[in-house]
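Quick notes on the structure that follows.
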Amino acid sequence: MGLCQRWRRLRLSGLQTCRLHTAAVPAPPQWLAERLGLFEELWTAQVKKLASVAQKEHRTIKISLPGGQRVDAVAWSTTPYQLAQQISSTLADTAVAAQVNGELYDLERPLETDSDLRFLTFSSAEGKAVFWHSSTHVLGAAAEQLLGAVLCRGPSTECGFYHDFFLGKERTVRGSELPALERICQELAAAAQPFRRLEASQDQLRQLFKDNPFKLRLIEEKVTGPTAIVYGCGMLVDLCRGPHLRHTGQIGGLKLLTNSSSLWRSSGAPEPLQRVSGISFPTMEELRAWEEGREEAELRDHRRIGKAEYTRRGFSEPPDSDRLSSSLSDHAPSHPADTLALKPMNCPAHCLMFAHRPRSWRELPLRLADFGALHRAEASGSLGGLTRLRCFQQDDAHIFCAPDQLETEIQGCLDFLRSVYTVLGFSFRLALSTRPSSFLGEPCLWDQAEQVLQRALEEFGEPWELNPGDGAFYGPKASVSLLQIDVHLRDALGRPHQCGTIQLDFQLPLRFDLQYKGQAGAPEHPVVIHRAVLGSVERMLGVLAESCGGKWPLWLSPFQVVVIPVGTEQEEYAREAQRRLQAAGLVCDLDANSGLTLSRRVRRAQLAHYNFQFVVGQKEQSKRTVNIRTRDNCQLGEWDLTEAVQRLLELQNTRVPNAEQVF
Ligand SMILES: [Zn+2]
Ligand SMILES: [Zn+2]
């Protein structure tokens with residue numbers, strides 16, 4: 001379908017209008033047509049070039065398939081897809097990509113040399129990653145076309161995919177826009193558009209993405225060779241290593257799930273981004289089965305968001321106690337247990353939980369999380385505000401894992417950290433402190449661990465720095481050494497705070513003689529990761545309070561709405577509005593003090609930083625509406641009460657930082 005034709009269809013479909021948001025689909029931007037034109041030109045040239053290579057290099061190569069089968073193929077001509085067809089039509093239909101000599105390949109990419117080849121299907125984790133990665137391009141294409149989005153990045157995740165894009169500083173994606181976006185995704189999938197792999201030079205890349213500042217920065221930072229790979233799919237052209245599905249028609253069922261805000265932090269100034277997440281499956285039946293499973297899980301899930309995040313990431317929260325045998329306070333068991341003391345840290349208790357019965361490698365990684373209160377006998381002179389307390393809570397966790405699980409676990413910790421800090425609106429910097437000069441233990445173990453941490457940081461993709469020899473000495477005897485990743489976050493004023501931390505510990509398992517039965521049957525010591533995302537919860541509250549200067553974002557605000565009746569006759573309706581807001585779970589007060597003028601009461605609410613004031617007079621009462629102002633005294637005008645409540649909930653649930661501006 002041609003560009004203009006497609007646009008006309010979108011316009012006629014009328015999907016894109018809703019009550020809250022009435023912008024029509026924009027005309028096809030010039031840059032999109034230009035980008036596609038250039039891609040087609042380069043594609044034609046590449047097809048010609050490959051045909052001549054195939055002619056020149058024409059020779060037979062040997063391909064080993066799983067199960068020991070060996071077949072002949074033609075260099076630069078035979079594709080994995082053709083081989084899959086030879087094996088069975090089912091395999092050809094269900095394969096999503098191939099692995100060729102360890103490298104991931106598109107099914108349509110010609111083989112070049114003798115190869116070991118295996119096929120990936122949706123049933124494997126790698127296959128799912130390719131499938132969801134391809135699906136996020138479809139979402140990206142839909143966002144470009146419907147919303148005029150400037151695409152940033154769209155990775156697959158453990159369970160689906162998301163795409164981050166830019167819509168301008170003030171604009172957010174609304175929940176009410178997801179259905180229209182989803183329908184375009186489904187249309188693009190049904191159109192079975194092929195993914196086309198193109199090798200482009202640095203100059204060509206800059207030309208292709210000249211209208212996307214984010215891609216230009218990525219090209220600058222990530223493209224180190226003379227060329228890089230881009231893919232075309234329908235009208236989309238994106239910078240990507242691949243591999244992808246053969247065509248979008250392999251996506252039988254696709255659903256968009258959430259919209260939220262996110263942040264571009266890769267380089268340069270941070271920019272507000274919009275994130276849409278989704279999930280997809282090879283067939284509609286699989287999508288339906290997944291939806292049913294999810295509804296069931298949601299029905300049963302009575303927990304709050306924070307805790308749900310713990311469950312999703314595989315942490316368990318053991319029942320906890322304030323008290324601990326005083327013999328354990330020194331990070332290691334020493335005297336026989338006698339007196340009980342207030343718990344200063346969770347590490348020893350979690351070690352005991354690990355050790356209380358024989359453990360097998362199958363139970364690892366074991367992730368124990370604890371929000372329990374901790375007590376420290378700080379000198380009274382050093383106490384201050386929420387920053388240093390004698391009793392505080394920490395979002396503390398310990399991960400007991402096998403050495404070969406370390407890298408994945410560290411990456412999991414970093415990802416958790418990023419997702420929490422993004423929601424809180426913090427940017428952050430990472431620093432890796434390597435072993436102190438007088439370390440304990442075997443040097444080769446430390447070398448390996450340092451490499452693991454460096455690899456995890458590289459893979460994570462955020463900037464980090466190295467502090468050689470800065471690893472911590474820990475505990476009263478200063479005899480426990482650790483490798484650690486320090487996380488320095490920056491608040492809205494750009495001030496640094498050290499809150500989260502990730503520490504790698506080889507000593508603790510030895511001191512507590514923690515063991516598990518290894519895969520070969522012999523006992524082995526686990527490695528322990530100590531990690532905190534918020535650090536002290538009280539301290540984090542202090543940082544947040546100062547960072548927002550008392551003007552809390554709506555979703556965190558203790559003063560979300562105040563309803564102000566103009567006169568006593570409207571008091572009853574004002575109370576009803578308050579009840580409606582409260583029933584929806586919003587924090588809402590009523591200011592019916594008729595002794596003060598309306599403007600005094602509005603001013604008072606604004607000084608108290610209520611995010612929104614709902615003023616109700618005679619007109620509002622008769623029309624069941626409210627007149628809305630923000631704490632910055634911006635007048636948003638008259639809104640239907642039901643719609644206003646819905647909009648507030650949407651802004652709260654997507655945790656936007658600037659609800660007052662985007663209402
Ligand atoms: Zn891709
Ligand atoms: Zn610890």
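Following the order of the structure tokens, first chain is A, next is B, and so on, with residues numbered from 1 inside each chain and ligands from 1 in the order they appear.
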Counting only C-alpha atoms and all ligand atoms, name the residues that have an atom within 6 Å of an atom of ligand 1; the answer should be given as number ranges by chain.
A: 133-134, 240, 242
Could you make a table, as JSON lines, of the residues of chain A that have an atom within 6 Å of an atom of ligand 2, each with its nearest atom pair and distance in Å to one decimal, counting only C-alpha atoms and all ligand atoms, in chain and number order?
{"residue": "A:Asn346", "atom": "CA", "partner": "ligand 2", "partner_atom_place_in_ligand_line": "1 (Zn)", "distance": 5.9}
{"residue": "A:Cys347", "atom": "CA", "partner": "ligand 2", "partner_atom_place_in_ligand_line": "1 (Zn)", "distance": 4.1}
{"residue": "A:His530", "atom": "CA", "partner": "ligand 2", "partner_atom_place_in_ligand_line": "1 (Zn)", "distance": 4.5}
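Candidate residues A:Arg312, A:Arg174, A:Lys49, A:His609 were compared for distance to Leu198 (chain A), and the nearest is A:Lys49, using only C-alpha atoms.
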In Å and to one decimal, CA of Val616 (chain A) is distant from CA of Tyr573 (chain A) by 7.9 Å
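For the choices A:Gln613, A:Gln582, A:Thr642, A:Ser261, the atom-to-atom distance to Arg629 (chain A) is smallest for A:Gln613 when using only C-alpha atoms.
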Could you list, as a PDB file with N, CA, C and O atoms, in the first residue's frame, every residue within 10 Å of Asn593 (chain A), counting only C-alpha atoms and ignoring same-chain residues fewer than 3 positions away?
ATOM      1  N   ILE A 564     -13.690  23.172  46.439  1.00  0.00           N
ATOM      2  CA  ILE A 564     -14.059  24.433  47.084  1.00  0.00           C
ATOM      3  C   ILE A 564     -15.440  24.883  46.585  1.00  0.00           C
ATOM      4  O   ILE A 564     -15.579  25.270  45.429  1.00  0.00           O
ATOM      5  N   PRO A 565     -16.465  24.824  47.447  1.00  0.00           N
ATOM      6  CA  PRO A 565     -17.774  25.337  47.050  1.00  0.00           C
ATOM      7  C   PRO A 565     -17.774  26.868  47.127  1.00  0.00           C
ATOM      8  O   PRO A 565     -17.192  27.436  48.050  1.00  0.00           O
ATOM      9  N   VAL A 566     -18.434  27.501  46.150  1.00  0.00           N
ATOM     10  CA  VAL A 566     -18.459  28.963  46.135  1.00  0.00           C
ATOM     11  C   VAL A 566     -19.264  29.484  47.328  1.00  0.00           C
ATOM     12  O   VAL A 566     -18.834  30.381  48.048  1.00  0.00           O
ATOM     13  N   GLY A 567     -20.433  28.894  47.575  1.00  0.00           N
ATOM     14  CA  GLY A 567     -21.255  29.320  48.709  1.00  0.00           C
ATOM     15  C   GLY A 567     -21.815  28.118  49.435  1.00  0.00           C
ATOM     16  O   GLY A 567     -21.591  26.965  49.026  1.00  0.00           O
ATOM     17  N   THR A 568     -22.545  28.363  50.524  1.00  0.00           N
ATOM     18  CA  THR A 568     -23.048  27.250  51.333  1.00  0.00           C
ATOM     19  C   THR A 568     -24.047  26.390  50.554  1.00  0.00           C
ATOM     20  O   THR A 568     -24.180  25.211  50.830  1.00  0.00           O
ATOM     21  N   GLU A 571     -22.492  23.344  49.067  1.00  0.00           N
ATOM     22  CA  GLU A 571     -21.715  22.465  49.947  1.00  0.00           C
ATOM     23  C   GLU A 571     -22.063  20.991  49.750  1.00  0.00           C
ATOM     24  O   GLU A 571     -21.192  20.128  49.739  1.00  0.00           O
ATOM     25  N   LEU A 590     -11.925  18.982  51.450  1.00  0.00           N
ATOM     26  CA  LEU A 590     -12.991  19.936  51.146  1.00  0.00           C
ATOM     27  C   LEU A 590     -12.692  21.204  51.934  1.00  0.00           C
ATOM     28  O   LEU A 590     -12.349  21.129  53.114  1.00  0.00           O
ATOM     29  N   LEU A 596     -14.320  32.713  54.652  1.00  0.00           N
ATOM     30  CA  LEU A 596     -13.268  33.263  53.790  1.00  0.00           C
ATOM     31  C   LEU A 596     -13.803  33.428  52.373  1.00  0.00           C
ATOM     32  O   LEU A 596     -14.628  32.624  51.930  1.00  0.00           O
ATOM     33  N   THR A 597     -13.303  34.424  51.663  1.00  0.00           N
ATOM     34  CA  THR A 597     -13.750  34.601  50.285  1.00  0.00           C
ATOM     35  C   THR A 597     -13.223  33.464  49.436  1.00  0.00           C
ATOM     36  O   THR A 597     -12.261  32.787  49.808  1.00  0.00           O
ATOM     37  N   LEU A 598     -13.855  33.304  48.274  1.00  0.00           N
ATOM     38  CA  LEU A 598     -13.440  32.238  47.369  1.00  0.00           C
ATOM     39  C   LEU A 598     -11.969  32.392  46.997  1.00  0.00           C
ATOM     40  O   LEU A 598     -11.193  31.439  47.047  1.00  0.00           O
ATOM     41  N   ARG A 601      -9.585  31.280  49.631  1.00  0.00           N
ATOM     42  CA  ARG A 601      -9.506  29.821  49.793  1.00  0.00           C
ATOM     43  C   ARG A 601      -8.720  29.173  48.647  1.00  0.00           C
ATOM     44  O   ARG A 601      -7.974  28.232  48.854  1.00  0.00           O
TER      45      ARG A 601
END
Neighbours of region 359-371 of chain A within 10 Å (only C-alpha atoms; same-chain residues fewer than 5 positions away dropped), as a PyMOL selection string?
chain A and resi 310+313-320+346-347+350-351+353-354+392-402+405-406+409+514-521+523-524+526-532+536-537
Tell me, as an mmCIF file with N, CA, C and O atoms, in the first residue's frame, which residues lie within 7 Å of region 460-468 of chain A, counting only C-alpha atoms; anything in the same chain fewer than 4 positions away does not count.
data_model
loop_
_atom_site.group_PDB
_atom_site.id
_atom_site.type_symbol
_atom_site.label_atom_id
_atom_site.label_comp_id
_atom_site.auth_asym_id
_atom_site.auth_seq_id
_atom_site.Cartn_x
_atom_site.Cartn_y
_atom_site.Cartn_z
ATOM 1 N N SER A 266 20.701 8.802 27.600
ATOM 2 C CA SER A 266 21.903 8.197 27.049
ATOM 3 C C SER A 266 23.026 9.213 26.945
ATOM 4 O O SER A 266 24.161 8.936 27.281
ATOM 5 N N GLN A 411 22.737 -7.720 36.340
ATOM 6 C CA GLN A 411 21.951 -6.992 35.329
ATOM 7 C C GLN A 411 20.518 -6.787 35.804
ATOM 8 O O GLN A 411 19.933 -5.720 35.610
ATOM 9 N N ARG A 429 24.290 8.050 38.030
ATOM 10 C CA ARG A 429 25.632 7.770 37.556
ATOM 11 C C ARG A 429 26.109 6.533 38.303
ATOM 12 O O ARG A 429 25.839 6.389 39.496
ATOM 13 N N LEU A 430 26.818 5.650 37.641
ATOM 14 C CA LEU A 430 27.272 4.429 38.295
ATOM 15 C C LEU A 430 28.783 4.447 38.423
ATOM 16 O O LEU A 430 29.483 4.946 37.545
ATOM 17 N N ALA A 431 29.277 3.943 39.543
ATOM 18 C CA ALA A 431 30.729 3.857 39.728
ATOM 19 C C ALA A 431 31.066 2.472 40.255
ATOM 20 O O ALA A 431 30.451 1.996 41.208
ATOM 21 N N LEU A 432 32.011 1.818 39.610
ATOM 22 C CA LEU A 432 32.441 0.491 40.067
ATOM 23 C C LEU A 432 33.707 0.639 40.887
ATOM 24 O O LEU A 432 34.720 1.149 40.413
ATOM 25 N N SER A 433 33.643 0.216 42.154
ATOM 26 C CA SER A 433 34.827 0.232 43.008
ATOM 27 C C SER A 433 35.415 -1.167 43.009
ATOM 28 O O SER A 433 34.723 -2.125 43.325
ATOM 29 N N THR A 434 36.662 -1.282 42.640
ATOM 30 C CA THR A 434 37.274 -2.603 42.597
ATOM 31 C C THR A 434 37.937 -2.912 43.926
ATOM 32 O O THR A 434 37.922 -2.104 44.846
ATOM 33 N N ALA A 456 28.646 -6.605 33.023
ATOM 34 C CA ALA A 456 27.240 -6.277 33.311
ATOM 35 C C ALA A 456 27.000 -4.786 33.095
ATOM 36 O O ALA A 456 25.979 -4.387 32.532
#
For the structure I just gave you, how does DSSP split region 419-661 of chain A - specifically, which residues are helix (DSSP H, G or I)? Reply as a compact mmCIF listing (two decimals) with N, CA and C atoms, in the first residue's frame.
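So out.txt came out as:
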# COMPACT_ATOMS: atom_id res chain seq x y z
N SER A 419 14.46 1.16 36.57
CA SER A 419 13.02 1.32 36.42
C SER A 419 12.45 2.14 37.59
N VAL A 420 13.01 1.95 38.80
CA VAL A 420 12.51 2.72 39.94
C VAL A 420 12.93 4.19 39.82
N TYR A 421 14.19 4.44 39.48
CA TYR A 421 14.67 5.83 39.41
C TYR A 421 13.99 6.60 38.28
N THR A 422 13.67 5.88 37.20
CA THR A 422 12.98 6.55 36.09
C THR A 422 11.62 7.07 36.55
N VAL A 423 10.90 6.21 37.28
CA VAL A 423 9.59 6.62 37.77
C VAL A 423 9.71 7.82 38.71
N LEU A 424 10.77 7.82 39.53
CA LEU A 424 10.94 8.91 40.49
C LEU A 424 11.54 10.16 39.84
N PRO A 443 43.03 -14.16 44.47
CA PRO A 443 43.06 -13.10 43.45
C PRO A 443 42.27 -13.46 42.20
N CYS A 444 42.32 -14.75 41.78
CA CYS A 444 41.66 -15.07 40.50
C CYS A 444 40.14 -14.93 40.61
N LEU A 445 39.63 -15.22 41.82
CA LEU A 445 38.20 -15.06 42.07
C LEU A 445 37.81 -13.60 41.93
N TRP A 446 38.63 -12.74 42.51
CA TRP A 446 38.38 -11.30 42.42
C TRP A 446 38.45 -10.81 40.98
N ASP A 447 39.49 -11.30 40.25
CA ASP A 447 39.62 -10.89 38.85
C ASP A 447 38.35 -11.21 38.08
N GLN A 448 37.90 -12.45 38.27
CA GLN A 448 36.69 -12.88 37.55
C GLN A 448 35.50 -12.00 37.91
N ALA A 449 35.37 -11.76 39.22
CA ALA A 449 34.21 -10.98 39.67
C ALA A 449 34.25 -9.57 39.10
N GLU A 450 35.44 -8.99 39.07
CA GLU A 450 35.55 -7.63 38.53
C GLU A 450 35.16 -7.61 37.06
N GLN A 451 35.58 -8.66 36.36
CA GLN A 451 35.21 -8.73 34.94
C GLN A 451 33.70 -8.88 34.76
N VAL A 452 33.12 -9.71 35.62
CA VAL A 452 31.66 -9.91 35.53
C VAL A 452 30.94 -8.58 35.71
N LEU A 453 31.36 -7.82 36.74
CA LEU A 453 30.69 -6.54 37.00
C LEU A 453 30.89 -5.58 35.83
N GLN A 454 32.10 -5.55 35.28
CA GLN A 454 32.36 -4.64 34.16
C GLN A 454 31.50 -5.02 32.96
N ARG A 455 31.40 -6.33 32.71
CA ARG A 455 30.58 -6.77 31.58
C ARG A 455 29.13 -6.38 31.79
N ALA A 456 28.65 -6.60 33.02
CA ALA A 456 27.24 -6.28 33.31
C ALA A 456 27.00 -4.79 33.09
N LEU A 457 27.95 -3.96 33.51
CA LEU A 457 27.79 -2.51 33.35
C LEU A 457 27.82 -2.12 31.88
N GLU A 458 28.74 -2.73 31.12
CA GLU A 458 28.83 -2.44 29.69
C GLU A 458 27.49 -2.77 29.01
N GLU A 459 27.01 -3.95 29.34
CA GLU A 459 25.78 -4.45 28.74
C GLU A 459 24.59 -3.54 29.09
N PHE A 460 24.62 -2.99 30.31
CA PHE A 460 23.52 -2.16 30.82
C PHE A 460 23.38 -0.89 29.99
N GLN A 507 32.91 -13.22 51.01
CA GLN A 507 33.34 -13.57 52.36
C GLN A 507 32.20 -14.08 53.22
N LEU A 508 31.04 -13.41 53.12
CA LEU A 508 29.92 -13.73 53.99
C LEU A 508 29.54 -15.22 53.91
N PRO A 509 29.41 -15.79 52.68
CA PRO A 509 29.05 -17.21 52.60
C PRO A 509 30.10 -18.11 53.27
N LEU A 510 31.37 -17.68 53.25
CA LEU A 510 32.41 -18.49 53.88
C LEU A 510 32.28 -18.40 55.40
N ARG A 511 32.04 -17.17 55.91
CA ARG A 511 31.93 -16.98 57.35
C ARG A 511 30.75 -17.74 57.93
N VAL A 537 14.48 4.15 53.28
CA VAL A 537 13.23 4.68 52.74
C VAL A 537 12.99 6.10 53.26
N GLU A 538 13.34 6.33 54.55
CA GLU A 538 13.15 7.66 55.14
C GLU A 538 14.02 8.69 54.44
N ARG A 539 15.27 8.30 54.20
CA ARG A 539 16.19 9.22 53.55
C ARG A 539 15.71 9.55 52.13
N MET A 540 15.21 8.49 51.44
CA MET A 540 14.70 8.70 50.08
C MET A 540 13.51 9.66 50.09
N LEU A 541 12.67 9.54 51.11
CA LEU A 541 11.53 10.47 51.23
C LEU A 541 12.04 11.90 51.36
N GLY A 542 13.10 12.06 52.19
CA GLY A 542 13.69 13.39 52.36
C GLY A 542 14.22 13.93 51.05
N VAL A 543 14.93 13.07 50.31
CA VAL A 543 15.50 13.49 49.02
C VAL A 543 14.38 13.90 48.06
N LEU A 544 13.31 13.08 48.04
CA LEU A 544 12.19 13.38 47.14
C LEU A 544 11.51 14.69 47.53
N ALA A 545 11.32 14.88 48.84
CA ALA A 545 10.63 16.08 49.31
C ALA A 545 11.42 17.32 48.92
N GLU A 546 12.75 17.27 49.11
CA GLU A 546 13.56 18.43 48.77
C GLU A 546 13.63 18.62 47.26
N SER A 547 13.69 17.48 46.55
CA SER A 547 13.81 17.54 45.11
C SER A 547 12.60 18.22 44.47
N CYS A 548 11.41 17.95 45.02
CA CYS A 548 10.22 18.56 44.41
C CYS A 548 9.79 19.82 45.16
N LEU A 554 1.63 14.41 41.09
CA LEU A 554 0.28 13.95 41.46
C LEU A 554 0.27 12.56 42.09
N TRP A 555 1.01 11.61 41.46
CA TRP A 555 0.89 10.22 41.91
C TRP A 555 1.48 9.99 43.29
N LEU A 556 2.37 10.91 43.76
CA LEU A 556 2.96 10.75 45.09
C LEU A 556 2.34 11.72 46.08
N THR A 568 -22.54 28.36 50.52
CA THR A 568 -23.05 27.25 51.33
C THR A 568 -24.05 26.39 50.55
N GLU A 569 -24.74 26.99 49.55
CA GLU A 569 -25.73 26.21 48.80
C GLU A 569 -25.07 25.09 48.00
N GLN A 570 -23.76 25.27 47.69
CA GLN A 570 -23.09 24.23 46.88
C GLN A 570 -22.36 23.20 47.74
N GLU A 571 -22.49 23.34 49.07
CA GLU A 571 -21.71 22.46 49.95
C GLU A 571 -22.06 20.99 49.75
N GLU A 572 -23.35 20.71 49.56
CA GLU A 572 -23.78 19.33 49.42
C GLU A 572 -23.16 18.71 48.15
N TYR A 573 -23.23 19.47 47.04
CA TYR A 573 -22.65 18.96 45.79
C TYR A 573 -21.13 18.81 45.93
N ALA A 574 -20.49 19.75 46.65
CA ALA A 574 -19.05 19.67 46.86
C ALA A 574 -18.68 18.40 47.62
N ARG A 575 -19.51 18.08 48.64
CA ARG A 575 -19.27 16.85 49.39
C ARG A 575 -19.41 15.61 48.50
N GLU A 576 -20.38 15.67 47.61
CA GLU A 576 -20.57 14.53 46.71
C GLU A 576 -19.35 14.37 45.80
N ALA A 577 -18.85 15.51 45.28
CA ALA A 577 -17.65 15.46 44.42
C ALA A 577 -16.48 14.87 45.20
N GLN A 578 -16.34 15.31 46.47
CA GLN A 578 -15.25 14.78 47.30
C GLN A 578 -15.38 13.26 47.46
N ARG A 579 -16.63 12.81 47.73
CA ARG A 579 -16.84 11.36 47.90
C ARG A 579 -16.48 10.60 46.63
N ARG A 580 -16.84 11.18 45.47
CA ARG A 580 -16.53 10.51 44.20
C ARG A 580 -15.02 10.37 44.02
N LEU A 581 -14.29 11.45 44.33
CA LEU A 581 -12.83 11.42 44.18
C LEU A 581 -12.22 10.42 45.16
N GLN A 582 -12.72 10.45 46.40
CA GLN A 582 -12.18 9.53 47.40
C GLN A 582 -12.50 8.08 47.04
N ALA A 583 -13.70 7.84 46.53
CA ALA A 583 -14.07 6.48 46.16
C ALA A 583 -13.17 5.95 45.04
N LEU A 598 -13.86 33.30 48.27
CA LEU A 598 -13.44 32.24 47.37
C LEU A 598 -11.97 32.39 47.00
N SER A 599 -11.56 33.62 46.64
CA SER A 599 -10.18 33.79 46.17
C SER A 599 -9.18 33.51 47.30
N ARG A 600 -9.55 33.84 48.56
CA ARG A 600 -8.64 33.52 49.67
C ARG A 600 -8.47 32.00 49.81
N ARG A 601 -9.59 31.28 49.63
CA ARG A 601 -9.51 29.82 49.79
C ARG A 601 -8.72 29.17 48.65
N VAL A 602 -8.88 29.71 47.44
CA VAL A 602 -8.10 29.19 46.31
C VAL A 602 -6.61 29.44 46.56
N ARG A 603 -6.31 30.64 47.00
CA ARG A 603 -4.91 31.00 47.28
C ARG A 603 -4.33 30.08 48.36
N ARG A 604 -5.14 29.84 49.41
CA ARG A 604 -4.69 28.99 50.50
C ARG A 604 -4.37 27.58 50.00
N ALA A 605 -5.23 27.06 49.11
CA ALA A 605 -5.01 25.71 48.57
C ALA A 605 -3.75 25.67 47.71
N GLN A 606 -3.52 26.76 46.99
CA GLN A 606 -2.34 26.79 46.12
C GLN A 606 -1.06 26.86 46.95
N LEU A 607 -1.11 27.61 48.05
CA LEU A 607 0.07 27.68 48.92
C LEU A 607 0.35 26.33 49.59
N GLN A 618 -22.91 27.61 41.37
CA GLN A 618 -24.28 27.23 41.00
C GLN A 618 -24.34 26.53 39.64
N LYS A 619 -23.57 27.11 38.68
CA LYS A 619 -23.59 26.56 37.32
C LYS A 619 -23.05 25.13 37.33
N GLU A 620 -21.90 24.95 38.03
CA GLU A 620 -21.28 23.62 38.09
C GLU A 620 -22.23 22.61 38.73
N GLN A 621 -22.90 23.06 39.79
CA GLN A 621 -23.81 22.15 40.49
C GLN A 621 -24.92 21.67 39.56
N SER A 622 -25.50 22.59 38.79
CA SER A 622 -26.62 22.18 37.95
C SER A 622 -26.16 21.33 36.78
N LYS A 623 -24.92 21.55 36.31
CA LYS A 623 -24.45 20.77 35.16
C LYS A 623 -23.61 19.56 35.56
N LEU A 641 -17.62 16.09 35.85
CA LEU A 641 -17.01 15.51 37.05
C LEU A 641 -16.46 14.10 36.79
N THR A 642 -17.27 13.27 36.13
CA THR A 642 -16.83 11.89 35.87
C THR A 642 -15.57 11.88 35.01
N GLU A 643 -15.56 12.72 33.98
CA GLU A 643 -14.38 12.74 33.10
C GLU A 643 -13.15 13.25 33.84
N ALA A 644 -13.35 14.23 34.72
CA ALA A 644 -12.22 14.77 35.47
C ALA A 644 -11.61 13.71 36.38
N VAL A 645 -12.49 12.92 37.04
CA VAL A 645 -11.98 11.85 37.91
C VAL A 645 -11.20 10.84 37.09
N GLN A 646 -11.75 10.50 35.92
CA GLN A 646 -11.07 9.52 35.06
C GLN A 646 -9.69 10.01 34.61
N ARG A 647 -9.66 11.28 34.24
CA ARG A 647 -8.39 11.84 33.76
C ARG A 647 -7.35 11.86 34.88
N LEU A 648 -7.79 12.21 36.10
CA LEU A 648 -6.88 12.22 37.25
C LEU A 648 -6.32 10.82 37.50
N LEU A 649 -7.20 9.82 37.43
CA LEU A 649 -6.76 8.45 37.67
C LEU A 649 -5.73 8.03 36.63
N GLU A 650 -6.00 8.42 35.39
CA GLU A 650 -5.09 8.05 34.32
C GLU A 650 -3.71 8.68 34.56
N LEU A 651 -3.72 9.96 34.94
CA LEU A 651 -2.44 10.65 35.19
C LEU A 651 -1.74 10.06 36.40
N GLN A 652 -2.52 9.65 37.38
CA GLN A 652 -1.92 9.04 38.57
C GLN A 652 -1.32 7.69 38.22
N ASN A 653 -2.10 6.89 37.48
CA ASN A 653 -1.63 5.53 37.20
C ASN A 653 -0.42 5.49 36.28
N ALA A 659 1.53 16.31 35.92
CA ALA A 659 0.09 16.14 35.67
C ALA A 659 -0.61 17.47 35.44
N GLU A 660 -0.14 18.53 36.12
CA GLU A 660 -0.84 19.82 36.02
C GLU A 660 -0.71 20.39 34.60
N GLN A 661 0.45 20.15 33.96
CA GLN A 661 0.63 20.70 32.62
C GLN A 661 -0.06 19.86 31.55
Determine, counting only C-alpha atoms, which protein, DNA and RNA residues have an atom within 12 Å of an atom of Ser124 (chain A); residues of the same chain fewer than 2 positions away are not included. Present the result as an NGL selection string.
:A and (94-97 or 119-122 or 126-131 or 158)
Writer output for current selection, N, CA and C atoms, as an mmCIF file, in the first residue's frame:
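The file below, result29.cif, is the result:
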data_model
loop_
_atom_site.group_PDB
_atom_site.id
_atom_site.type_symbol
_atom_site.label_atom_id
_atom_site.label_comp_id
_atom_site.auth_asym_id
_atom_site.auth_seq_id
_atom_site.Cartn_x
_atom_site.Cartn_y
_atom_site.Cartn_z
ATOM 1 N N THR A 94 7.168 -22.092 11.713
ATOM 2 C CA THR A 94 7.275 -21.683 13.116
ATOM 3 C C THR A 94 8.635 -21.088 13.469
ATOM 4 N N ALA A 95 9.650 -21.295 12.618
ATOM 5 C CA ALA A 95 10.970 -20.741 12.935
ATOM 6 C C ALA A 95 10.884 -19.214 12.935
ATOM 7 N N VAL A 96 11.591 -18.573 13.873
ATOM 8 C CA VAL A 96 11.582 -17.105 13.916
ATOM 9 C C VAL A 96 12.932 -16.529 13.504
ATOM 10 N N ALA A 97 14.011 -17.314 13.687
ATOM 11 C CA ALA A 97 15.347 -16.875 13.295
ATOM 12 C C ALA A 97 16.248 -18.096 13.323
ATOM 13 N N PHE A 119 17.723 -23.737 14.382
ATOM 14 C CA PHE A 119 16.588 -22.821 14.222
ATOM 15 C C PHE A 119 16.036 -22.416 15.578
ATOM 16 N N LEU A 120 15.591 -21.175 15.672
ATOM 17 C CA LEU A 120 14.934 -20.718 16.891
ATOM 18 C C LEU A 120 13.434 -20.612 16.628
ATOM 19 N N THR A 121 12.648 -21.089 17.589
ATOM 20 C CA THR A 121 11.202 -20.897 17.502
ATOM 21 C C THR A 121 10.741 -20.125 18.733
ATOM 22 N N PHE A 122 9.466 -19.754 18.730
ATOM 23 C CA PHE A 122 8.917 -18.959 19.827
ATOM 24 C C PHE A 122 9.005 -19.698 21.164
ATOM 25 N N GLU A 126 15.300 -17.388 23.549
ATOM 26 C CA GLU A 126 15.930 -16.593 22.482
ATOM 27 C C GLU A 126 14.929 -16.306 21.358
ATOM 28 N N GLY A 127 14.104 -17.323 21.057
ATOM 29 C CA GLY A 127 13.096 -17.148 20.006
ATOM 30 C C GLY A 127 12.089 -16.083 20.396
ATOM 31 N N LYS A 128 11.662 -16.110 21.668
ATOM 32 C CA LYS A 128 10.712 -15.092 22.142
ATOM 33 C C LYS A 128 11.329 -13.702 22.016
ATOM 34 N N ALA A 129 12.630 -13.619 22.363
ATOM 35 C CA ALA A 129 13.289 -12.302 22.302
ATOM 36 C C ALA A 129 13.231 -11.749 20.871
ATOM 37 N N VAL A 130 13.516 -12.608 19.882
ATOM 38 C CA VAL A 130 13.462 -12.161 18.478
ATOM 39 C C VAL A 130 12.034 -11.759 18.106
ATOM 40 N N PHE A 131 11.084 -12.562 18.555
ATOM 41 C CA PHE A 131 9.677 -12.328 18.213
ATOM 42 C C PHE A 131 9.197 -10.996 18.782
ATOM 43 N N GLU A 158 11.476 -9.431 29.383
ATOM 44 C CA GLU A 158 11.260 -10.817 29.784
ATOM 45 C C GLU A 158 9.870 -11.300 29.370
#
